[in-house]
Amino acid sequence: MWDYSDKVMDHYRNPRNVGKIDDADLIGEAGSLACGDSLKLFIKLKDGIIVDAKFQTFGCGSAVASSSILTEMIIGKSLDEVKNITNKDIADQLGGLPPEKMHCSVMGHEALEDALKKYYGDDYVELNIPEVSDNVICTCFNVTEHQIVEAIEVNGLTTVDEITNYTKAGGACGRCKGAIKKILEKHAPKKETKLSAAQMILKINKVIETVIAPELQKDGGDIELVDIEDNKVFVKLQGRCSSCKNSILTLKSFVETTLQDKVSQDIEVVQV
Amino acid sequence: MVIYLDNNATTKVDKRVLDEMLPYLEDEYANPSSMYQFSVKSSKAIAQARAQMKDFFGAKSEREVIFTSCGSESANMAIKGVLAANKNKRHIITTKVEHACVLNLYQTLEKQGYEVDYIGVNSSGELDIEELKEKIKPDTALVSIMWANNETGVIFPVKEIADIIKSKNPETKFFVDGVQASGKLDFDLKSTNIDLLGVSGHKFHAPKGIGALYVKSDVIIPPLIVGGHQERGMRAGTENVPYIVGLGVAATLAQDALKYELTEIKRLRDKLETGILKRVFNARLNSSISNRVPNTSNIGFEYIEGELILLHLSDLGICASSGSACTSGSLEPSHVLRAMGVPFTALHGSIRFSLSRYTTEEEIDYTLDKLPGVIDKIVNLSPYQDELNHLRNSK
């Protein structure tokens, strides 16, 4: 059984805005019956504002939930506002989706994009993606290079498996996996350029002050930055933390991982 | 409340099985190989379970029974064993609809240079015997076919196939995956040309983690797990006494229940199936009607998706399974239904119901009562309303 969030379950159990709008101004479509999921999104406009939206979905629980929440996200908004909605926004609104189900949020976004393209025509500017072709890369699921690059850019994808989870590309015969790997190498999120020593100190200090210290203070503890030497960060745990027998755990599993996450992977935290 | 209609996935452990196992998890913990009186009960218990499995298989001798940890181990031991014992032969024949545990192994063997032919099935799920006949050649080391398909329940005529194989090439060995046929058919292997057959206990009310392999006495294969002398050196590792005991008891109970399986379970399965096909306009049967194990029904619901059906059934306490891509974690729907050419309108909305001797009439009635509402709800979501209306009006 998938680990669906309560919100996903609520939306597939009680989908909102189901059906079609007979006099819809825009209809966006994505997916297909053969591929296992498809979505039709109906939009009613008044003065550039989406006054009504409905959907019909053929798909699993997360596909229905993604469609349902998308209608809630766009009703009452202007077309200019909804242009910025990404698949990640849809997944986030649902409280997250299992990794293998992220393609459902992508399908929601694609249907919205399809509707917007019909409205804006040639003027529709897609997400700021460098020149990428609409060549079909995965013929099993009919996924284009553009769709793959968009998924990489929006979601910060770094592996071929992730791209399959998000776009389905490579999920059937697998013959296009080499091509996907090449696209990934070209468009994968760039590693951050190395910080100078001064930048590093400033950043570490900021993370400790704004993220780490407030968390420890909640439990009656605190932390003081003592020194920084290359990748070693020397800190002193204070208050209740200093006498806590779990302080090593706090240091490694919270302080160190937070700094690694937010500043640099190679940081080592040392207690003084 | 749990209405468990997914007995091809696993089954409830029979209380009588558990009761016989418990002493060996408590006081009778001796290693059956040890040299003191305390171990006698353990070693006798294994001997008794072996005799029970001999009867279950319809084997000639207890020596033809090897205890394993599961169906996958039985299959791996049989297949790798036959190939290792026949190194000069490089050709294998199997079917397109085998269980993944076997299919994935053949794909690995192909990469190692074996030539593998995958025999197809027709739209009823029945094997193309003529194609099979043509493929057998002097180089064929192994033919590997399941007795009953786990998704559709369709029975393959393995006894006849065994005769065909031996008449075309007496040296070719025949392995039958008996996992889904266990407790649903009488094996009676001594009267057949089947060389090896694997079973898994948890499909017939023994616990998970125990299986067995039948190896005909004149078939020589090396062990898969090498080490101690257990199972006459054929499967090293200290015997899992409580589970072996459980398997033996479950096998005997399954034989006793065979008639019930063929009459009462079949009656309930047929009631469920005809009820669904009658009440739900977009339902279609995904297999032949007659040639099936008595507990399985695979029904496709057109223009809707299977995972969503399962999720809604789950909310009502009903457990079933689906050949839909979404439920498997892969992105492709069932290889079995695709091999049968099930139309893609029904492929993603296919649901398997599988019953057991614990299934009651009330459970079937409840499912029949609730299912049409679930399907209605999901049909209303579908973008294919025109196609659905067409179906509704033509029914």
# chains A, B, ... in the order shown; residues from 1 in each chain; ligands from 1

call {"tool": "residues_around", "arguments": {"residues": "A:Asn155", "least_positions_apart": "6", "cutoff": "9 Å", "atoms": "only C-alpha atoms", "output": "VMD selection string"}}
result
chain A and resid 87 to 88 166

call {"tool": "write_last_selection", "arguments": {"atoms": "N, CA and C atoms", "output": "PDB file, in the first residue's frame"}}
result
ATOM      1  N   ASN A  87       4.400  21.375 -11.122  1.00  0.00           N
ATOM      2  CA  ASN A  87       3.985  20.075 -10.586  1.00  0.00           C
ATOM      3  C   ASN A  87       4.358  19.965  -9.110  1.00  0.00           C
ATOM      4  N   LYS A  88       5.462  20.608  -8.740  1.00  0.00           N
ATOM      5  CA  LYS A  88       5.920  20.550  -7.360  1.00  0.00           C
ATOM      6  C   LYS A  88       4.906  21.231  -6.438  1.00  0.00           C
ATOM      7  N   TYR A 166       8.923  10.791 -12.226  1.00  0.00           N
ATOM      8  CA  TYR A 166       8.234  12.056 -12.453  1.00  0.00           C
ATOM      9  C   TYR A 166       7.560  12.131 -13.818  1.00  0.00           C
TER      10      TYR A 166
END

call {"tool": "residues_around", "arguments": {"residues": "A:Ala63", "least_positions_apart": "2", "cutoff": "12 Å", "atoms": "only C-alpha atoms", "output": "ChimeraX atom specification"}}
result
/A:4,8-9,11-12,15,30-31,36-40,55-61,65-70,87,90-91,94,97-98,100-109,111 /B:305,307-308,326,381-382

call {"tool": "select_by_dssp", "arguments": {"residues": "stretch 224-268 of chain A", "states": "helix (DSSP H, G or I)", "output": "PyMOL selection string"}}
result
chain A and resi 240-243+247-262

call {"tool": "write_last_selection", "arguments": {"atoms": "N, CA and C atoms", "output": "PDB file, in the first residue's frame"}}
result
ATOM      1  N   ARG A 240      20.260  23.255  28.782  1.00  0.00           N
ATOM      2  CA  ARG A 240      19.937  21.859  29.077  1.00  0.00           C
ATOM      3  C   ARG A 240      20.690  20.909  28.159  1.00  0.00           C
ATOM      4  N   CYS A 241      21.078  21.407  26.973  1.00  0.00           N
ATOM      5  CA  CYS A 241      21.800  20.546  26.041  1.00  0.00           C
ATOM      6  C   CYS A 241      23.133  20.087  26.622  1.00  0.00           C
ATOM      7  N   SER A 242      23.771  20.969  27.417  1.00  0.00           N
ATOM      8  CA  SER A 242      25.120  20.655  27.892  1.00  0.00           C
ATOM      9  C   SER A 242      25.112  19.476  28.855  1.00  0.00           C
ATOM     10  N   SER A 243      23.977  19.283  29.560  1.00  0.00           N
ATOM     11  CA  SER A 243      23.934  18.175  30.505  1.00  0.00           C
ATOM     12  C   SER A 243      23.160  16.976  29.955  1.00  0.00           C
ATOM     13  N   SER A 247      23.368  14.495  23.995  1.00  0.00           N
ATOM     14  CA  SER A 247      23.927  15.657  23.309  1.00  0.00           C
ATOM     15  C   SER A 247      24.734  15.278  22.077  1.00  0.00           C
ATOM     16  N   ILE A 248      25.412  14.129  22.124  1.00  0.00           N
ATOM     17  CA  ILE A 248      26.190  13.703  20.951  1.00  0.00           C
ATOM     18  C   ILE A 248      25.247  13.462  19.767  1.00  0.00           C
ATOM     19  N   LEU A 249      24.110  12.849  20.102  1.00  0.00           N
ATOM     20  CA  LEU A 249      23.103  12.570  19.071  1.00  0.00           C
ATOM     21  C   LEU A 249      22.597  13.870  18.470  1.00  0.00           C
ATOM     22  N   THR A 250      22.301  14.844  19.358  1.00  0.00           N
ATOM     23  CA  THR A 250      21.832  16.144  18.896  1.00  0.00           C
ATOM     24  C   THR A 250      22.853  16.774  17.963  1.00  0.00           C
ATOM     25  N   LEU A 251      24.110  16.658  18.415  1.00  0.00           N
ATOM     26  CA  LEU A 251      25.193  17.289  17.666  1.00  0.00           C
ATOM     27  C   LEU A 251      25.303  16.702  16.266  1.00  0.00           C
ATOM     28  N   LYS A 252      25.300  15.361  16.203  1.00  0.00           N
ATOM     29  CA  LYS A 252      25.538  14.709  14.913  1.00  0.00           C
ATOM     30  C   LYS A 252      24.268  14.692  14.049  1.00  0.00           C
ATOM     31  N   SER A 253      23.140  14.263  14.659  1.00  0.00           N
ATOM     32  CA  SER A 253      21.972  14.022  13.811  1.00  0.00           C
ATOM     33  C   SER A 253      21.200  15.300  13.520  1.00  0.00           C
ATOM     34  N   PHE A 254      21.409  16.336  14.335  1.00  0.00           N
ATOM     35  CA  PHE A 254      20.678  17.568  14.039  1.00  0.00           C
ATOM     36  C   PHE A 254      21.612  18.697  13.586  1.00  0.00           C
ATOM     37  N   VAL A 255      22.572  19.074  14.442  1.00  0.00           N
ATOM     38  CA  VAL A 255      23.426  20.218  14.106  1.00  0.00           C
ATOM     39  C   VAL A 255      24.243  19.946  12.834  1.00  0.00           C
ATOM     40  N   GLU A 256      24.904  18.796  12.813  1.00  0.00           N
ATOM     41  CA  GLU A 256      25.778  18.513  11.684  1.00  0.00           C
ATOM     42  C   GLU A 256      25.000  18.323  10.380  1.00  0.00           C
ATOM     43  N   THR A 257      23.901  17.544  10.458  1.00  0.00           N
ATOM     44  CA  THR A 257      23.158  17.307   9.211  1.00  0.00           C
ATOM     45  C   THR A 257      22.519  18.597   8.699  1.00  0.00           C
ATOM     46  N   THR A 258      22.098  19.451   9.616  1.00  0.00           N
ATOM     47  CA  THR A 258      21.505  20.716   9.165  1.00  0.00           C
ATOM     48  C   THR A 258      22.550  21.574   8.444  1.00  0.00           C
ATOM     49  N   LEU A 259      23.737  21.640   9.030  1.00  0.00           N
ATOM     50  CA  LEU A 259      24.796  22.439   8.396  1.00  0.00           C
ATOM     51  C   LEU A 259      25.221  21.815   7.062  1.00  0.00           C
ATOM     52  N   GLN A 260      25.286  20.493   7.026  1.00  0.00           N
ATOM     53  CA  GLN A 260      25.644  19.830   5.767  1.00  0.00           C
ATOM     54  C   GLN A 260      24.603  20.122   4.695  1.00  0.00           C
ATOM     55  N   ASP A 261      23.373  20.081   5.147  1.00  0.00           N
ATOM     56  CA  ASP A 261      22.263  20.288   4.222  1.00  0.00           C
ATOM     57  C   ASP A 261      22.255  21.723   3.685  1.00  0.00           C
ATOM     58  N   LYS A 262      22.480  22.670   4.575  1.00  0.00           N
ATOM     59  CA  LYS A 262      22.267  24.070   4.193  1.00  0.00           C
ATOM     60  C   LYS A 262      23.543  24.780   3.747  1.00  0.00           C
TER      61      LYS A 262
END

call {"tool": "residues_around", "arguments": {"residues": "stretch 23-37 of chain B", "least_positions_apart": "4", "cutoff": "6 Å", "atoms": "only C-alpha atoms", "output": "NGL selection string"}}
result
:B and (42-43 or 242)

call {"tool": "residues_around", "arguments": {"residues": "A:Asp114", "least_positions_apart": "2", "cutoff": "9 Å", "atoms": "only C-alpha atoms", "output": "MDAnalysis selection string"}}
result
chainID A and resid 27:30 109:112 116:119

call {"tool": "residues_around", "arguments": {"residues": "A:Lys44", "least_positions_apart": "4", "cutoff": "9 Å", "atoms": "only C-alpha atoms", "output": "PDB file with C-alpha atoms, in the first residue's frame"}}
result
ATOM      1  CA  ILE A  21     -18.087  22.394 -18.029  1.00  0.00           C
ATOM      2  CA  ASP A  23     -19.322  25.981 -22.132  1.00  0.00           C
ATOM      3  CA  ALA A  24     -15.726  25.846 -20.940  1.00  0.00           C
ATOM      4  CA  ASP A  25     -13.431  28.536 -22.302  1.00  0.00           C
ATOM      5  CA  LEU A  26     -10.383  26.327 -22.056  1.00  0.00           C
ATOM      6  CA  ILE A  49     -10.024  35.195 -13.884  1.00  0.00           C
ATOM      7  CA  ILE A  50     -10.765  31.472 -13.547  1.00  0.00           C
ATOM      8  CA  VAL A  51     -14.283  31.486 -12.126  1.00  0.00           C
ATOM      9  CA  ASP A  52     -14.836  27.755 -12.385  1.00  0.00           C
ATOM     10  CA  ALA A  53     -12.769  24.630 -13.028  1.00  0.00           C
ATOM     11  CA  LYS A  54     -13.753  20.994 -13.267  1.00  0.00           C
TER      12      LYS A  54
END

call {"tool": "interface_residues", "arguments": {"of": "chain B", "to": "chain A", "cutoff": "9 Å", "atoms": "only C-alpha atoms", "output": "VMD selection string"}}
result
chain B and resid 303 to 309 311 to 312 315 324 to 327 329 to 333 344 to 345 347 to 348 378 to 384

call {"tool": "write_last_selection", "arguments": {"atoms": "N, CA, C and O atoms", "output": "compact mmCIF listing (two decimals), in the first residue's frame"}}
result
# COMPACT_ATOMS: atom_id res chain seq x y z
N TYR B 303 -12.38 1.48 -18.95
CA TYR B 303 -12.27 2.95 -18.86
C TYR B 303 -12.13 3.48 -17.44
O TYR B 303 -12.36 4.66 -17.20
N ILE B 304 -11.79 2.60 -16.50
CA ILE B 304 -11.43 3.11 -15.17
C ILE B 304 -10.17 2.39 -14.71
O ILE B 304 -9.78 1.38 -15.31
N GLU B 305 -9.56 2.90 -13.66
CA GLU B 305 -8.23 2.44 -13.30
C GLU B 305 -8.28 1.61 -12.02
O GLU B 305 -9.01 1.93 -11.08
N GLY B 306 -7.47 0.54 -12.00
CA GLY B 306 -7.56 -0.48 -10.95
C GLY B 306 -7.17 -0.03 -9.56
O GLY B 306 -7.81 -0.42 -8.58
N GLU B 307 -6.11 0.77 -9.45
CA GLU B 307 -5.69 1.15 -8.10
C GLU B 307 -6.81 1.89 -7.37
O GLU B 307 -7.04 1.69 -6.19
N LEU B 308 -7.48 2.74 -8.11
CA LEU B 308 -8.55 3.53 -7.49
C LEU B 308 -9.68 2.61 -7.02
O LEU B 308 -10.27 2.82 -5.95
N ILE B 309 -9.95 1.56 -7.81
CA ILE B 309 -10.97 0.58 -7.39
C ILE B 309 -10.53 -0.07 -6.08
O ILE B 309 -11.29 -0.17 -5.12
N LEU B 311 -8.46 1.05 -3.81
CA LEU B 311 -8.46 1.99 -2.69
C LEU B 311 -9.87 2.15 -2.12
O LEU B 311 -10.08 2.18 -0.91
N HIS B 312 -10.84 2.25 -3.02
CA HIS B 312 -12.23 2.38 -2.55
C HIS B 312 -12.72 1.09 -1.92
O HIS B 312 -13.43 1.12 -0.91
N ASP B 315 -11.40 0.88 1.54
CA ASP B 315 -12.17 1.69 2.48
C ASP B 315 -13.39 0.93 3.00
O ASP B 315 -13.92 1.23 4.07
N SER B 324 -3.14 -3.47 -12.63
CA SER B 324 -2.87 -2.10 -13.06
C SER B 324 -1.42 -1.74 -12.85
O SER B 324 -0.76 -2.23 -11.94
N ALA B 325 -0.91 -0.85 -13.70
CA ALA B 325 0.48 -0.42 -13.56
C ALA B 325 0.68 0.26 -12.21
O ALA B 325 1.70 0.09 -11.56
N CYS B 326 -0.31 1.04 -11.80
CA CYS B 326 -0.14 1.89 -10.64
C CYS B 326 0.08 1.13 -9.35
O CYS B 326 0.68 1.63 -8.42
N THR B 327 -0.43 -0.10 -9.27
CA THR B 327 -0.33 -0.82 -8.01
C THR B 327 1.00 -1.53 -7.88
O THR B 327 1.43 -1.85 -6.79
N GLY B 329 4.03 -0.54 -8.73
CA GLY B 329 5.25 0.22 -8.55
C GLY B 329 6.00 0.32 -9.86
O GLY B 329 6.88 1.14 -10.03
N SER B 330 5.65 -0.54 -10.84
CA SER B 330 6.21 -0.37 -12.17
C SER B 330 5.23 0.53 -12.92
O SER B 330 4.20 0.90 -12.41
N LEU B 331 5.57 0.88 -14.12
CA LEU B 331 4.69 1.78 -14.86
C LEU B 331 3.89 1.03 -15.91
O LEU B 331 3.11 1.62 -16.65
N GLU B 332 4.12 -0.28 -15.99
CA GLU B 332 3.43 -1.07 -17.00
C GLU B 332 2.40 -1.99 -16.37
O GLU B 332 2.63 -2.56 -15.32
N PRO B 333 1.26 -2.15 -17.05
CA PRO B 333 0.26 -3.07 -16.52
C PRO B 333 0.72 -4.52 -16.66
O PRO B 333 1.70 -4.81 -17.35
N PHE B 344 -6.64 -2.47 -24.20
CA PHE B 344 -6.08 -1.51 -23.24
C PHE B 344 -7.16 -0.72 -22.52
O PHE B 344 -6.90 -0.12 -21.48
N THR B 345 -8.40 -0.76 -23.02
CA THR B 345 -9.49 -0.10 -22.30
C THR B 345 -9.78 -0.79 -20.96
O THR B 345 -10.28 -0.18 -20.03
N LEU B 347 -7.32 -3.03 -19.54
CA LEU B 347 -6.05 -3.49 -18.98
C LEU B 347 -5.74 -2.85 -17.64
O LEU B 347 -5.32 -3.51 -16.69
N HIS B 348 -5.95 -1.54 -17.57
CA HIS B 348 -5.56 -0.82 -16.36
C HIS B 348 -6.62 -0.94 -15.26
O HIS B 348 -6.36 -0.58 -14.12
N ILE B 378 -16.38 5.72 -9.57
CA ILE B 378 -15.16 5.94 -10.34
C ILE B 378 -15.50 6.21 -11.81
O ILE B 378 -14.84 7.02 -12.47
N VAL B 379 -16.55 5.54 -12.30
CA VAL B 379 -16.99 5.78 -13.68
C VAL B 379 -17.33 7.27 -13.86
O VAL B 379 -17.02 7.87 -14.89
N ASN B 380 -17.92 7.86 -12.83
CA ASN B 380 -18.30 9.27 -12.93
C ASN B 380 -17.10 10.19 -13.09
O ASN B 380 -17.24 11.31 -13.58
N LEU B 381 -15.94 9.74 -12.66
CA LEU B 381 -14.73 10.56 -12.78
C LEU B 381 -14.10 10.47 -14.16
O LEU B 381 -13.25 11.28 -14.51
N SER B 382 -14.47 9.44 -14.92
CA SER B 382 -13.72 9.11 -16.13
C SER B 382 -13.92 10.13 -17.24
O SER B 382 -15.03 10.62 -17.47
N PRO B 383 -12.85 10.48 -17.95
CA PRO B 383 -12.98 11.38 -19.10
C PRO B 383 -13.62 10.67 -20.31
O PRO B 383 -13.86 11.32 -21.33
N TYR B 384 -13.84 9.36 -20.21
CA TYR B 384 -14.33 8.62 -21.38
C TYR B 384 -15.82 8.35 -21.27
O TYR B 384 -16.29 7.22 -21.40

call {"tool": "residues_around", "arguments": {"residues": "stretch 200-214 of chain B", "least_positions_apart": "3", "cutoff": "7 Å", "atoms": "only C-alpha atoms", "output": "tab-separated table (two decimals) with all heavy atoms, in the first residue's frame"}}
result
chain	number	residue	atom	x	y	z
B	8	ASN	N	-4.55	-15.39	-3.60
B	8	ASN	CA	-3.43	-15.77	-4.47
B	8	ASN	C	-2.17	-14.99	-4.08
B	8	ASN	O	-1.08	-15.33	-4.52
B	8	ASN	CB	-3.76	-15.53	-5.94
B	8	ASN	CG	-4.74	-16.55	-6.47
B	8	ASN	OD1	-5.32	-17.33	-5.70
B	8	ASN	ND2	-4.96	-16.56	-7.78
B	10	THR	N	-1.45	-14.20	-0.64
B	10	THR	CA	-1.07	-15.03	0.50
B	10	THR	C	-2.35	-15.47	1.20
B	10	THR	O	-3.42	-14.97	0.89
B	10	THR	CB	-0.14	-14.29	1.47
B	10	THR	OG1	0.47	-15.24	2.36
B	10	THR	CG2	-0.88	-13.26	2.31
B	11	THR	N	-2.21	-16.41	2.13
B	11	THR	CA	-3.40	-16.91	2.82
B	11	THR	C	-3.23	-16.81	4.33
B	11	THR	O	-2.11	-16.67	4.82
B	11	THR	CB	-3.66	-18.39	2.47
B	11	THR	OG1	-2.49	-19.14	2.85
B	11	THR	CG2	-3.96	-18.58	1.00
B	12	LYS	N	-4.34	-16.91	4.99
B	12	LYS	CA	-4.35	-16.94	6.46
B	12	LYS	C	-3.79	-18.28	6.92
B	12	LYS	O	-4.12	-19.33	6.36
B	12	LYS	CB	-5.81	-16.80	6.91
B	12	LYS	CG	-6.08	-16.82	8.39
B	12	LYS	CD	-7.62	-16.80	8.57
B	12	LYS	CE	-8.02	-17.24	9.95
B	12	LYS	NZ	-7.99	-16.16	10.93
B	13	VAL	N	-2.94	-18.24	7.95
B	13	VAL	CA	-2.43	-19.49	8.51
B	13	VAL	C	-3.57	-20.21	9.23
B	13	VAL	O	-4.26	-19.61	10.05
B	13	VAL	CB	-1.27	-19.22	9.48
B	13	VAL	CG1	-0.83	-20.52	10.17
B	13	VAL	CG2	-0.09	-18.59	8.77
B	14	ASP	N	-3.76	-21.48	8.88
B	14	ASP	CA	-4.80	-22.28	9.52
B	14	ASP	C	-4.44	-22.48	11.00
B	14	ASP	O	-3.30	-22.78	11.33
B	14	ASP	CB	-4.90	-23.65	8.80
B	14	ASP	CG	-6.15	-24.40	9.20
B	14	ASP	OD1	-6.34	-24.64	10.42
B	14	ASP	OD2	-6.93	-24.76	8.31
B	17	VAL	N	-2.68	-25.58	11.76
B	17	VAL	CA	-1.28	-25.55	11.36
B	17	VAL	C	-0.45	-24.91	12.47
B	17	VAL	O	0.57	-25.44	12.92
B	17	VAL	CB	-1.11	-24.75	10.04
B	17	VAL	CG1	0.37	-24.51	9.73
B	17	VAL	CG2	-1.79	-25.50	8.89
B	64	GLU	N	12.10	-37.70	-2.72
B	64	GLU	CA	11.85	-36.73	-3.79
B	64	GLU	C	11.41	-35.36	-3.27
B	64	GLU	O	11.13	-34.46	-4.05
B	64	GLU	CB	10.79	-37.30	-4.75
B	64	GLU	CG	11.27	-38.55	-5.48
B	64	GLU	CD	10.20	-39.21	-6.33
B	64	GLU	OE1	9.02	-39.23	-5.92
B	64	GLU	OE2	10.54	-39.71	-7.42
B	65	VAL	N	11.36	-35.23	-1.94
B	65	VAL	CA	10.89	-33.97	-1.33
B	65	VAL	C	12.06	-33.22	-0.71
B	65	VAL	O	12.80	-33.78	0.11
B	65	VAL	CB	9.85	-34.27	-0.22
B	65	VAL	CG1	9.43	-32.97	0.46
B	65	VAL	CG2	8.64	-35.00	-0.80
B	66	ILE	N	12.24	-31.95	-1.10
B	66	ILE	CA	13.26	-31.10	-0.48
B	66	ILE	C	12.57	-29.87	0.09
B	66	ILE	O	11.82	-29.19	-0.63
B	66	ILE	CB	14.32	-30.66	-1.53
B	66	ILE	CG1	15.05	-31.90	-2.07
B	66	ILE	CG2	15.30	-29.67	-0.91
B	66	ILE	CD1	15.81	-31.63	-3.35
B	67	PHE	N	12.82	-29.59	1.36
B	67	PHE	CA	12.23	-28.39	1.97
B	67	PHE	C	13.08	-27.17	1.62
B	67	PHE	O	14.32	-27.23	1.66
B	67	PHE	CB	12.12	-28.55	3.49
B	67	PHE	CG	11.11	-29.59	3.89
B	67	PHE	CD1	11.51	-30.78	4.47
B	67	PHE	CD2	9.76	-29.37	3.65
B	67	PHE	CE1	10.58	-31.74	4.82
B	67	PHE	CE2	8.82	-30.32	4.00
B	67	PHE	CZ	9.23	-31.52	4.58
B	68	THR	N	12.40	-26.09	1.25
B	68	THR	CA	13.09	-24.84	0.90
B	68	THR	C	12.45	-23.71	1.71
B	68	THR	O	11.55	-23.95	2.52
B	68	THR	CB	12.93	-24.52	-0.59
B	68	THR	OG1	11.55	-24.27	-0.87
B	68	THR	CG2	13.43	-25.67	-1.46
B	69	SER	N	12.89	-22.48	1.44
B	69	SER	CA	12.36	-21.36	2.23
B	69	SER	C	11.15	-20.71	1.57
B	69	SER	O	10.42	-19.97	2.21
B	69	SER	CB	13.45	-20.31	2.44
B	69	SER	OG	13.79	-19.73	1.20
B	70	CYS	N	10.95	-20.93	0.28
B	70	CYS	CA	9.83	-20.26	-0.41
B	70	CYS	C	9.72	-20.77	-1.84
B	70	CYS	O	10.57	-21.53	-2.31
B	70	CYS	CB	10.05	-18.74	-0.42
B	70	CYS	SG	11.54	-18.23	-1.28
B	71	GLY	N	8.72	-20.29	-2.54
B	71	GLY	CA	8.51	-20.68	-3.93
B	71	GLY	C	9.65	-20.22	-4.82
B	71	GLY	O	10.07	-20.94	-5.73
B	74	SER	N	12.55	-22.54	-4.44
B	74	SER	CA	12.27	-23.81	-5.13
B	74	SER	C	12.53	-23.65	-6.63
B	74	SER	O	13.18	-24.50	-7.26
B	74	SER	CB	10.82	-24.23	-4.90
B	74	SER	OG	10.56	-24.42	-3.53
B	179	VAL	N	3.06	-23.31	-7.57
B	179	VAL	CA	2.68	-22.45	-6.44
B	179	VAL	C	1.18	-22.16	-6.41
B	179	VAL	O	0.52	-22.28	-5.38
B	179	VAL	CB	3.51	-21.14	-6.47
B	179	VAL	CG1	2.93	-20.11	-5.50
B	179	VAL	CG2	4.95	-21.42	-6.12
B	182	SER	N	-1.31	-25.29	-5.83
B	182	SER	CA	-1.27	-26.01	-4.55
B	182	SER	C	-2.60	-25.92	-3.82
B	182	SER	O	-3.10	-24.83	-3.58
B	182	SER	CB	-0.18	-25.42	-3.65
B	182	SER	OG	1.05	-25.46	-4.31
B	183	GLY	N	-3.12	-27.06	-3.46
B	183	GLY	CA	-4.38	-27.09	-2.72
B	183	GLY	C	-5.59	-26.86	-3.60
B	183	GLY	O	-6.72	-26.84	-3.11
B	196	LEU	N	10.35	-31.80	-12.03
B	196	LEU	CA	10.51	-30.97	-10.82
B	196	LEU	C	9.27	-30.10	-10.65
B	196	LEU	O	8.70	-29.64	-11.64
B	196	LEU	CB	11.74	-30.06	-10.94
B	196	LEU	CG	13.07	-30.71	-11.33
B	196	LEU	CD1	13.41	-30.39	-12.78
B	196	LEU	CD2	14.18	-30.26	-10.41
B	197	LEU	N	8.89	-29.87	-9.39
B	197	LEU	CA	7.74	-29.01	-9.13
B	197	LEU	C	7.95	-28.27	-7.81
B	197	LEU	O	8.32	-28.87	-6.81
B	197	LEU	CB	6.46	-29.84	-9.09
B	197	LEU	CG	5.16	-29.05	-8.84
B	197	LEU	CD1	4.03	-29.55	-9.74
B	197	LEU	CD2	4.72	-29.13	-7.38
B	243	TYR	N	8.40	-24.59	10.87
B	243	TYR	CA	7.77	-24.26	9.59
B	243	TYR	C	7.62	-25.48	8.69
B	243	TYR	O	6.64	-25.60	7.95
B	243	TYR	CB	8.56	-23.14	8.90
B	243	TYR	CG	8.27	-21.80	9.53
B	243	TYR	CD1	8.68	-21.52	10.84
B	243	TYR	CD2	7.54	-20.83	8.85
B	243	TYR	CE1	8.39	-20.31	11.44
B	243	TYR	CE2	7.24	-19.61	9.44
B	243	TYR	CZ	7.66	-19.36	10.73
B	243	TYR	OH	7.35	-18.18	11.33
B	244	ILE	N	8.59	-26.40	8.79
B	244	ILE	CA	8.47	-27.64	8.03
B	244	ILE	C	7.26	-28.42	8.54
B	244	ILE	O	6.46	-28.95	7.76
B	244	ILE	CB	9.78	-28.46	8.14
B	244	ILE	CG1	10.88	-27.76	7.32
B	244	ILE	CG2	9.58	-29.89	7.68
B	244	ILE	CD1	12.27	-28.35	7.51
B	246	GLY	N	4.66	-27.12	9.96
B	246	GLY	CA	3.48	-26.38	9.50
B	246	GLY	C	3.15	-26.68	8.04
B	246	GLY	O	1.99	-26.87	7.68
B	247	LEU	N	4.18	-26.77	7.22
B	247	LEU	CA	3.96	-27.06	5.80
B	247	LEU	C	3.31	-28.43	5.62
B	247	LEU	O	2.36	-28.58	4.85
B	247	LEU	CB	5.29	-27.00	5.03
B	247	LEU	CG	5.17	-27.18	3.52
B	247	LEU	CD1	4.53	-25.94	2.88
B	247	LEU	CD2	6.53	-27.46	2.89
B	250	ALA	N	-0.30	-28.28	6.73
B	250	ALA	CA	-1.09	-27.52	5.75
B	250	ALA	C	-1.34	-28.33	4.48
B	250	ALA	O	-2.42	-28.27	3.89
B	250	ALA	CB	-0.37	-26.21	5.42
B	254	ALA	N	-4.89	-29.29	3.06
B	254	ALA	CA	-5.25	-28.86	1.70
B	254	ALA	C	-5.80	-30.03	0.90
B	254	ALA	O	-6.77	-29.88	0.15
B	254	ALA	CB	-4.03	-28.27	1.00

call {"tool": "residues_around", "arguments": {"residues": "B:Gly300", "least_positions_apart": "2", "cutoff": "9 Å", "atoms": "only C-alpha atoms", "output": "ChimeraX atom specification"}}
result
/B:282-286,298,302,306,342,345-352

call {"tool": "write_last_selection", "arguments": {"atoms": "C-alpha atoms", "output": "compact mmCIF listing (two decimals), in the first residue's frame"}}
result
# COMPACT_ATOMS: atom_id res chain seq x y z
CA ASN B 282 -18.34 -2.14 -17.92
CA ALA B 283 -17.10 -5.45 -16.47
CA ARG B 284 -15.56 -8.19 -18.62
CA LEU B 285 -14.04 -11.55 -17.73
CA ASN B 286 -10.28 -11.67 -18.40
CA ASN B 298 -9.96 -11.76 -13.03
CA GLU B 302 -13.30 -0.71 -18.76
CA GLY B 306 -7.56 -0.48 -10.95
CA VAL B 342 -6.65 -7.82 -23.08
CA THR B 345 -9.49 -0.10 -22.30
CA ALA B 346 -9.73 -2.85 -19.66
CA LEU B 347 -6.05 -3.49 -18.98
CA HIS B 348 -5.56 -0.82 -16.36
CA GLY B 349 -8.86 -1.56 -14.62
CA SER B 350 -8.35 -5.27 -14.07
CA ILE B 351 -9.07 -6.69 -10.64
CA ARG B 352 -8.26 -10.15 -9.37
